[in-house]
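The next block holds one structure in the form of structure tokens; read it before the comments.
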Amino acid sequence: MQSDLFSAQTPADKAPEAIKIENLRAQLNRWAHEYYVLDAPSVPDGEYDRVYQQLEALEAAHPELVTPDSPTQRVLGSVLPGLAPVRHAVPMLSIRTETDTEATGAQAFDARIRRELGLAQADPPVEYIAEPKFDGLAMSLRYEGGQLVQAATRGDGEVGEDVTHAIRTIRQIPLRLPADAPPLLEVRGEVYMRGADFERLNQRQQAAGEKLFVNPRNAAAGAVRQLDARIAAQRPLSFFAYGLGEVTPQQQGGPRFETHHALLQQLRQWGFPVAAEARIAHGAAELVAFHREMGERRAALPYGIDGVVYKVNSLALQRQLGFVTREPRWAVAHKYPPQEMVTTVQAIDVQVGRTGKLTPVARLAPVFVGGATVTNATLHNLFELRRKRVRVGDAVIVRRAGDVIPEVVGRVPGERAHYVPNFHMPEACPVCASAVVREPGEIEHRCSGGLFCAAQRKQALLHFASRKAMDIEGLGEKLVDQLVDGALLHSLPEVYALDVEQLARLDRMGEKSAQNLRAALEKSKHTSLARFVYALGIRNVGEATAKDLARHFGRLGAVMDADTDALMQVPDIGPIVAESIHTFFAQPHNREVVQALLDAGVQPLETDPLPASALPLAGKTVVLTGTLPTLSRDEAQALLESAGAKVSGSVSKKTHYVVAGAEAGSKLTKAQALGVAVLDEAGLRALLAGQG
Ligand code: D41
């Protein structure tokens, strides 16, 4: 909806740049209003930033056109009617934000700090604290006499809004502090929503026919500003503390800290959640390492971060560095590239997967998001597509996070200029023309063609060759397309019959790569039973289940002949998975494929059956963290698993060992805090050798 407040006035006699600038401002003001006041943004932050930068660039080129009311000229933030304004006793600073490449952001910051502190090249590295940058809302919590008396949003930094009623519902926030806390204490931090809480909230919203939240940040913002505390209490919020506001002065017995790190420790002791990932970093190199490590872990974290924050650790140095306007000189936020962007849907196609599943895929105008150019994004299935109301020509938000397949989050609200027909699933498979079916109670549409369908054959072959299956290097998508489409390959086992001459005739292949592929095929014949079972592509049998099966049964014949009861003896295998495995091997066609593979020379390594309980590390849970001197992460995991241990991603009281290498972070800290045994690589080898 377009309000008159934000429409640009564009008289005909203005220069084109002036009109362009006014249009950008109107656009930004509208988006800022949706975002800050209505908590209902129609575009992702990345799109806002892009347009904002466009405006900044234009204004820099035409300083005469800069006006005081431009969005670039004011500190954003607005007080909603309905919530009482709160003047912050100590202003809430903002933090300088940069989006830059991994190295340059940290190096530029470190260089600036060193220059401002007058350090010479020979001086030791500056000590910093690196923290994750939570994607939430800044909040100030005021405690008087140890009691939470007020919670206020940041607002414009000077005046925020009183949201005490909503914040009191956050269980992570102490209502009362321990006796050693000072009589007056303002704690600053970020209110946010965890990913899983967000998903659950949206499921509830959907079930109740309520509107869905676009992302955790906006769900959190909505909950904080919710006037009704009972509704706020049902919106699961979390909190992290990262700083202080007004505090009892030292002369009156207030606390004294030497470093930001000591401050965080104290906050933790007073009962506030503090980022477990925060750590001390010396100089630019360790800041870069932190930025990279958090970037890698980002997608797996239970909460959204949009960057990292670097702060000078020493409070004395912080005082020396001081502020520029409202930003401390001693801190900078270094953002990751946006994971969401806007683009247009050019077509909606249907893709056929390995098990015949039909997936609607949006073909997009190319857009740079999450560090890569995206031209396709999944719409998952017909129901998701309908729920998101996406049609060809629509502007949509595309998300690409980590290694996850890009997806269409939703359409940007707005009227369509003209009628566009709704998408329908085809009745016949677009690849093999077999009937498309949907089983009662299932969401997915499937092609009924099985391995008759070229798409399913291709996917089955790609899966068979993939790194964690038979690991046939060089057998990628382009080649598989040619082999299947060129009728060189009708079934899996035929892949071993391909000769160098045939291969060398294919596109993009020469004698040399044909020989390499032939060698990779030969090499793949000597494999483990677990990889072989995984490579068969049995529905519901992933890598872990394949490993369990191989360990438990030892021999291929035993896996193939097991009935569902025998299969359910394997730890972690339940009736559904047992049924999938049994059904797979009950089909003569599948048994023929297995036999043909063996006849072609594939030799999965068989062992004596080993019930998991007989292995030396059976029942032990191990966590790997940091970089080991000689073993890669995958190798260490494989060694541990073959000794019967379970390798887990997070440390808890139930963890038996943490194996820590160089640059181990929060997992090591947590292990130490919980008293979990910590091993280095030598210790790991001793453990595997039964001397642990
Ligand atoms: O995680 C964050 N979003 C975060 C925000 C953080 N880890 N540290 C922060 N530190 C500050 C200063 C340096 C001013 C104490 C911040 C913010 N400020 C901040 N967030 C929003 C406005 C300011």
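Letters A, B, ... mark the chains of the structure tokens in the order given; residue numbers begin at 1 per chain; ligand numbers begin at 1, in order shown.
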
Picked from region 63-236 of chain A by DSSP as helix (DSSP H, G or I), as a PyMOL selection string: chain A and resi 63-65+71-73+102-116+164-167+195-207+216-224+229-233

Let me have all residues with an atom within 6 Å of ligand 1, counting only C-alpha atoms and all ligand atoms, laid out as a compact mmCIF listing (two decimals) with all heavy atoms, in the first residue's frame.
# COMPACT_ATOMS: atom_id res chain seq x y z
N LEU A 93 24.59 3.69 21.58
CA LEU A 93 25.39 3.97 20.39
C LEU A 93 24.99 3.04 19.27
O LEU A 93 24.37 2.00 19.49
CB LEU A 93 26.86 3.76 20.72
CG LEU A 93 27.37 4.64 21.85
CD1 LEU A 93 28.77 4.22 22.26
CD2 LEU A 93 27.35 6.10 21.43
N SER A 94 25.33 3.42 18.08
CA SER A 94 25.19 2.46 16.99
C SER A 94 26.58 2.00 16.63
O SER A 94 27.57 2.45 17.20
CB SER A 94 24.47 3.07 15.80
OG SER A 94 25.19 4.17 15.33
N ILE A 95 26.65 1.10 15.72
CA ILE A 95 27.94 0.50 15.42
C ILE A 95 28.19 0.63 13.94
O ILE A 95 27.29 0.42 13.13
CB ILE A 95 27.93 -0.95 15.93
CG1 ILE A 95 29.29 -1.58 15.81
CG2 ILE A 95 26.89 -1.80 15.29
CD1 ILE A 95 29.44 -2.79 16.70
N GLU A 131 32.85 -10.98 18.22
CA GLU A 131 31.55 -11.53 18.63
C GLU A 131 30.72 -11.79 17.38
O GLU A 131 30.88 -11.09 16.39
CB GLU A 131 30.76 -10.51 19.47
CG GLU A 131 31.43 -10.08 20.74
CD GLU A 131 30.65 -8.95 21.46
OE1 GLU A 131 29.61 -8.49 20.94
OE2 GLU A 131 31.11 -8.55 22.53
N PRO A 132 29.79 -12.75 17.43
CA PRO A 132 28.83 -12.85 16.34
C PRO A 132 27.92 -11.62 16.37
O PRO A 132 27.70 -11.05 17.44
CB PRO A 132 28.04 -14.12 16.65
CG PRO A 132 28.27 -14.39 18.09
CD PRO A 132 29.55 -13.73 18.49
N LYS A 133 27.41 -11.22 15.23
CA LYS A 133 26.45 -10.11 15.19
C LYS A 133 25.06 -10.69 15.04
O LYS A 133 24.70 -11.21 13.99
CB LYS A 133 26.76 -9.17 14.03
CG LYS A 133 25.81 -7.99 13.95
CD LYS A 133 26.24 -7.00 12.90
CE LYS A 133 25.41 -5.74 12.93
NZ LYS A 133 24.00 -6.00 12.62
N PHE A 134 24.31 -10.64 16.12
CA PHE A 134 22.97 -11.23 16.11
C PHE A 134 22.03 -10.39 15.28
O PHE A 134 22.11 -9.16 15.29
CB PHE A 134 22.42 -11.34 17.54
CG PHE A 134 23.24 -12.26 18.36
CD1 PHE A 134 24.22 -11.77 19.19
CD2 PHE A 134 23.06 -13.61 18.24
CE1 PHE A 134 25.01 -12.63 19.92
CE2 PHE A 134 23.85 -14.48 18.96
CZ PHE A 134 24.83 -13.99 19.80
N ASP A 135 21.13 -11.08 14.59
CA ASP A 135 20.18 -10.38 13.75
C ASP A 135 18.89 -10.22 14.53
O ASP A 135 17.96 -11.00 14.38
CB ASP A 135 19.97 -11.19 12.47
CG ASP A 135 19.39 -10.35 11.38
OD1 ASP A 135 19.27 -9.13 11.57
OD2 ASP A 135 19.05 -10.91 10.33
N ALA A 138 18.26 -4.22 19.17
CA ALA A 138 19.03 -3.77 20.32
C ALA A 138 18.07 -3.38 21.45
O ALA A 138 17.01 -2.80 21.21
CB ALA A 138 19.90 -2.59 19.93
N GLU A 190 20.93 -7.84 22.57
CA GLU A 190 20.11 -8.04 21.38
C GLU A 190 19.01 -9.06 21.70
O GLU A 190 19.30 -10.15 22.19
CB GLU A 190 21.03 -8.56 20.26
CG GLU A 190 20.48 -8.41 18.88
CD GLU A 190 20.81 -7.06 18.23
OE1 GLU A 190 21.40 -6.17 18.88
OE2 GLU A 190 20.44 -6.90 17.05
N TYR A 242 25.67 -7.75 25.43
CA TYR A 242 27.00 -7.41 24.90
C TYR A 242 27.55 -6.09 25.40
O TYR A 242 28.60 -5.65 24.94
CB TYR A 242 27.02 -7.43 23.38
CG TYR A 242 25.99 -6.54 22.71
CD1 TYR A 242 26.09 -5.16 22.80
CD2 TYR A 242 24.96 -7.08 21.96
CE1 TYR A 242 25.15 -4.34 22.20
CE2 TYR A 242 24.03 -6.27 21.35
CZ TYR A 242 24.13 -4.90 21.46
OH TYR A 242 23.20 -4.10 20.86
N GLY A 243 26.87 -5.42 26.33
CA GLY A 243 27.42 -4.15 26.78
C GLY A 243 26.65 -3.57 27.95
O GLY A 243 25.70 -4.17 28.46
N VAL A 309 31.18 -8.83 14.92
CA VAL A 309 31.52 -7.53 15.48
C VAL A 309 32.91 -7.63 16.08
O VAL A 309 33.22 -8.59 16.77
CB VAL A 309 30.51 -7.12 16.58
CG1 VAL A 309 30.88 -5.78 17.18
CG2 VAL A 309 29.10 -7.07 16.01
N ALA A 331 34.93 -0.04 17.68
CA ALA A 331 34.15 -1.22 17.29
C ALA A 331 33.69 -1.09 15.85
O ALA A 331 33.46 0.02 15.36
CB ALA A 331 32.93 -1.39 18.20

For Pro360 (chain A), please output as a PyMOL selection string all residues within 8 Å (counting only C-alpha atoms; exclusion window: fewer than 5 positions along the same chain). chain A and resi 348-351+378-382+385

Could those selected residues go to a file with N, CA and C atoms, as a short mmCIF file (atom, residue, chain, number, x, y, z; two decimals), in the first residue's frame?
data_model
loop_
_atom_site.label_atom_id
_atom_site.label_comp_id
_atom_site.auth_asym_id
_atom_site.auth_seq_id
_atom_site.Cartn_x
_atom_site.Cartn_y
_atom_site.Cartn_z
N ILE A 348 8.26 -21.11 -14.53
CA ILE A 348 8.24 -22.15 -13.50
C ILE A 348 8.32 -23.50 -14.21
N ASP A 349 9.40 -24.23 -13.97
CA ASP A 349 9.60 -25.54 -14.59
C ASP A 349 9.43 -26.63 -13.55
N VAL A 350 9.42 -27.86 -14.03
CA VAL A 350 9.31 -29.00 -13.12
C VAL A 350 10.53 -29.88 -13.28
N GLN A 351 11.17 -30.21 -12.14
CA GLN A 351 12.34 -31.08 -12.17
C GLN A 351 11.99 -32.44 -11.60
N THR A 378 14.29 -23.39 -5.78
CA THR A 378 13.23 -24.38 -5.60
C THR A 378 11.98 -23.75 -4.99
N LEU A 379 10.84 -24.27 -5.41
CA LEU A 379 9.56 -23.91 -4.80
C LEU A 379 9.03 -25.10 -3.99
N HIS A 380 9.86 -26.12 -3.84
CA HIS A 380 9.62 -27.30 -3.00
C HIS A 380 8.52 -28.23 -3.52
N ASN A 381 7.26 -27.78 -3.50
CA ASN A 381 6.17 -28.62 -3.99
C ASN A 381 4.97 -27.73 -4.29
N LEU A 382 3.94 -28.36 -4.82
CA LEU A 382 2.79 -27.57 -5.27
C LEU A 382 2.14 -26.79 -4.13
N LEU A 385 4.15 -23.76 -3.23
CA LEU A 385 4.00 -22.79 -4.31
C LEU A 385 2.66 -22.05 -4.18
#

6 Å contact set for Leu141 (chain A), only C-alpha atoms, chain neighbours under 3 positions out, as a CSV table (one decimal) with N, CA and C atoms, in the first residue's frame:
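As written to disk, part-v4.csv reads:
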chain,number,residue,atom,x,y,z
A,150,GLN,N,12.8,-1.7,33.9
A,150,GLN,CA,12.5,-1.1,32.6
A,150,GLN,C,13.3,-1.8,31.4
A,151,ALA,N,12.5,-2.1,30.3
A,151,ALA,CA,13.2,-2.5,29.1
A,151,ALA,C,12.8,-1.6,28.0
A,186,GLU,N,22.4,-1.0,33.8
A,186,GLU,CA,21.7,-1.1,32.5
A,186,GLU,C,22.5,-2.0,31.7
A,187,VAL,N,21.8,-3.1,31.2
A,187,VAL,CA,22.5,-4.1,30.4
A,187,VAL,C,22.0,-3.9,29.0

Can you tell me, as a ChimeraX atom specification, which residues in region 568-666 of chain A count as strand (DSSP E) by DSSP? /A:603-605,621-625,646-648,657-660

Using only N, CA and C atoms, please write the residues we just selected to a file, as a short mmCIF file (atom, residue, chain, number, x, y, z; two decimals), in the first residue's frame.
data_model
loop_
_atom_site.label_atom_id
_atom_site.label_comp_id
_atom_site.auth_asym_id
_atom_site.auth_seq_id
_atom_site.Cartn_x
_atom_site.Cartn_y
_atom_site.Cartn_z
N GLN A 603 33.64 -54.68 -5.56
CA GLN A 603 33.88 -55.55 -4.40
C GLN A 603 33.73 -54.79 -3.10
N PRO A 604 32.51 -54.68 -2.60
CA PRO A 604 32.38 -54.01 -1.30
C PRO A 604 33.06 -54.87 -0.23
N LEU A 605 33.87 -54.21 0.58
CA LEU A 605 34.64 -54.92 1.60
C LEU A 605 33.70 -55.46 2.68
N THR A 621 30.07 -40.84 22.84
CA THR A 621 29.80 -39.71 21.96
C THR A 621 31.00 -38.77 21.97
N VAL A 622 31.46 -38.43 20.77
CA VAL A 622 32.66 -37.62 20.62
C VAL A 622 32.34 -36.38 19.79
N VAL A 623 32.92 -35.25 20.15
CA VAL A 623 32.74 -34.02 19.37
C VAL A 623 34.11 -33.58 18.83
N LEU A 624 34.15 -33.24 17.54
CA LEU A 624 35.40 -32.77 16.93
C LEU A 624 35.34 -31.25 16.80
N THR A 625 36.43 -30.56 17.11
CA THR A 625 36.45 -29.11 16.93
C THR A 625 37.87 -28.65 16.59
N LYS A 646 29.86 -42.42 18.31
CA LYS A 646 28.93 -41.54 17.62
C LYS A 646 29.58 -40.15 17.60
N VAL A 647 29.68 -39.54 16.42
CA VAL A 647 30.29 -38.22 16.33
C VAL A 647 29.17 -37.19 16.29
N SER A 648 29.18 -36.28 17.26
CA SER A 648 28.10 -35.31 17.38
C SER A 648 28.63 -33.90 17.14
N TYR A 657 34.01 -37.38 24.95
CA TYR A 657 35.30 -36.76 24.64
C TYR A 657 35.11 -35.61 23.67
N VAL A 658 35.94 -34.58 23.82
CA VAL A 658 36.04 -33.54 22.79
C VAL A 658 37.46 -33.62 22.24
N VAL A 659 37.56 -33.79 20.90
CA VAL A 659 38.87 -33.80 20.27
C VAL A 659 39.10 -32.41 19.70
N ALA A 660 40.09 -31.69 20.24
CA ALA A 660 40.27 -30.29 19.88
C ALA A 660 41.58 -30.09 19.14
#

Counting only C-alpha atoms, the residue of A:Val495, A:Ala207, A:Leu117, A:Ala181 that sits nearest Val602 (chain A): A:Val495

Between A:Gly189, A:Gly557, A:Pro588, A:Gly690, which one has atoms that come closest to Thr607 (chain A), using only C-alpha atoms? A:Gly557

Nearest-residue call for Gly105 (chain A), choices A:Leu264, A:Val288, A:Met568, A:Leu615, using only C-alpha atoms: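 Going through A:Leu264, A:Val288, A:Met568, A:Leu615 one by one, the smallest distance to Gly105 (chain A) is for A:Val288.
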
Between CA of Gly46 (chain A) and CA of Arg217 (chain A) - distance in Å to one decimal: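 If I compute the distance from CA of Arg217 (chain A) to CA of Gly46 (chain A), I get 13.7 Å.
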
Residues within 12 Å of Glu56 (chain A), only C-alpha atoms, excluding chain neighbours under 6 positions, as a PDB file with N, CA and C atoms, in the first residue's frame:
ATOM      1  N   ILE A  21      16.811  10.760  -7.562  1.00  0.00           N
ATOM      2  CA  ILE A  21      17.101  10.835  -6.131  1.00  0.00           C
ATOM      3  C   ILE A  21      15.810  10.862  -5.319  1.00  0.00           C
ATOM      4  N   LEU A  24      14.210   7.447  -5.251  1.00  0.00           N
ATOM      5  CA  LEU A  24      14.903   6.514  -4.355  1.00  0.00           C
ATOM      6  C   LEU A  24      14.553   6.809  -2.903  1.00  0.00           C
ATOM      7  N   ARG A  25      14.522   8.107  -2.560  1.00  0.00           N
ATOM      8  CA  ARG A  25      14.183   8.478  -1.175  1.00  0.00           C
ATOM      9  C   ARG A  25      12.789   8.013  -0.807  1.00  0.00           C
ATOM     10  N   LEU A  28      12.844   4.325  -0.246  1.00  0.00           N
ATOM     11  CA  LEU A  28      13.502   3.969   1.016  1.00  0.00           C
ATOM     12  C   LEU A  28      12.633   4.336   2.212  1.00  0.00           C
ATOM     13  N   ASP A  49      19.498  -2.166   1.438  1.00  0.00           N
ATOM     14  CA  ASP A  49      20.896  -1.713   1.450  1.00  0.00           C
ATOM     15  C   ASP A  49      21.348  -1.320   0.050  1.00  0.00           C
ATOM     16  N   ARG A  50      20.936  -2.118  -0.943  1.00  0.00           N
ATOM     17  CA  ARG A  50      21.363  -1.870  -2.322  1.00  0.00           C
ATOM     18  C   ARG A  50      20.852  -0.498  -2.789  1.00  0.00           C
ATOM     19  N   HIS A  62      26.242  14.430  -6.503  1.00  0.00           N
ATOM     20  CA  HIS A  62      25.478  15.691  -6.609  1.00  0.00           C
ATOM     21  C   HIS A  62      25.215  16.252  -5.224  1.00  0.00           C
ATOM     22  N   PRO A  63      26.258  16.733  -4.539  1.00  0.00           N
ATOM     23  CA  PRO A  63      26.088  17.213  -3.157  1.00  0.00           C
ATOM     24  C   PRO A  63      25.043  18.330  -3.071  1.00  0.00           C
ATOM     25  N   LEU A  65      22.239  18.371  -4.225  1.00  0.00           N
ATOM     26  CA  LEU A  65      20.879  17.814  -4.134  1.00  0.00           C
ATOM     27  C   LEU A  65      20.609  17.144  -2.780  1.00  0.00           C
ATOM     28  N   VAL A  66      21.594  17.161  -1.879  1.00  0.00           N
ATOM     29  CA  VAL A  66      21.388  16.541  -0.566  1.00  0.00           C
ATOM     30  C   VAL A  66      20.498  17.443   0.287  1.00  0.00           C
ATOM     31  N   SER A  70      16.732  13.617   3.755  1.00  0.00           N
ATOM     32  CA  SER A  70      17.075  12.383   3.036  1.00  0.00           C
ATOM     33  C   SER A  70      17.317  11.245   4.032  1.00  0.00           C
ATOM     34  N   PRO A  71      16.926  10.020   3.664  1.00  0.00           N
ATOM     35  CA  PRO A  71      17.174   8.882   4.569  1.00  0.00           C
ATOM     36  C   PRO A  71      18.660   8.722   4.908  1.00  0.00           C
ATOM     37  N   THR A  72      19.537   9.251   4.096  1.00  0.00           N
ATOM     38  CA  THR A  72      20.964   9.130   4.396  1.00  0.00           C
ATOM     39  C   THR A  72      21.384  10.127   5.472  1.00  0.00           C
ATOM     40  N   GLN A  73      20.527  11.095   5.775  1.00  0.00           N
ATOM     41  CA  GLN A  73      20.920  12.191   6.658  1.00  0.00           C
ATOM     42  C   GLN A  73      20.304  12.090   8.045  1.00  0.00           C
TER      43      GLN A  73
END

Can you pull out the residues contacting Glu158 (chain A)? Cut-off 8 Å, using only C-alpha atoms, and skip same-chain residues under 5 positions away; I want them as an NGL selection string. :A and (87-88 or 90-92)

Any idea what's packed within 12 Å of His165 (chain A), counting only C-alpha atoms, ignoring anything in its chain fewer than 2 positions away? Could you give it as a list in words?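 Listed by chain and then number, they are Leu83, Ala84, Leu141, Leu148, Val149, Gln150, Ala151, Ala152, Glu161, Asp162, Val163, Ile167, Arg168, Thr169, Ile170, Leu175, Ala223, Val224, Arg225, Gln226, Leu227, Asp228, Ala229, Arg230, Ile231, Ala232 and Ala233 of chain A.
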
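Relative to CA of Asp197 (chain A), CA of Gln172 (chain A) is found at 14.0 Å.
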
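Between CA of Leu597 (chain A) and CA of Pro493 (chain A) lies a distance of 5.0 Å.
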
Of the listed residues A:Val312, A:Val86, A:Ala519, A:Ala300, that which approaches Thr259 (chain A) most closely, counting only C-alpha atoms: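 Among A:Val312, A:Val86, A:Ala519, A:Ala300, it is A:Val312 that comes nearest to Thr259 (chain A).
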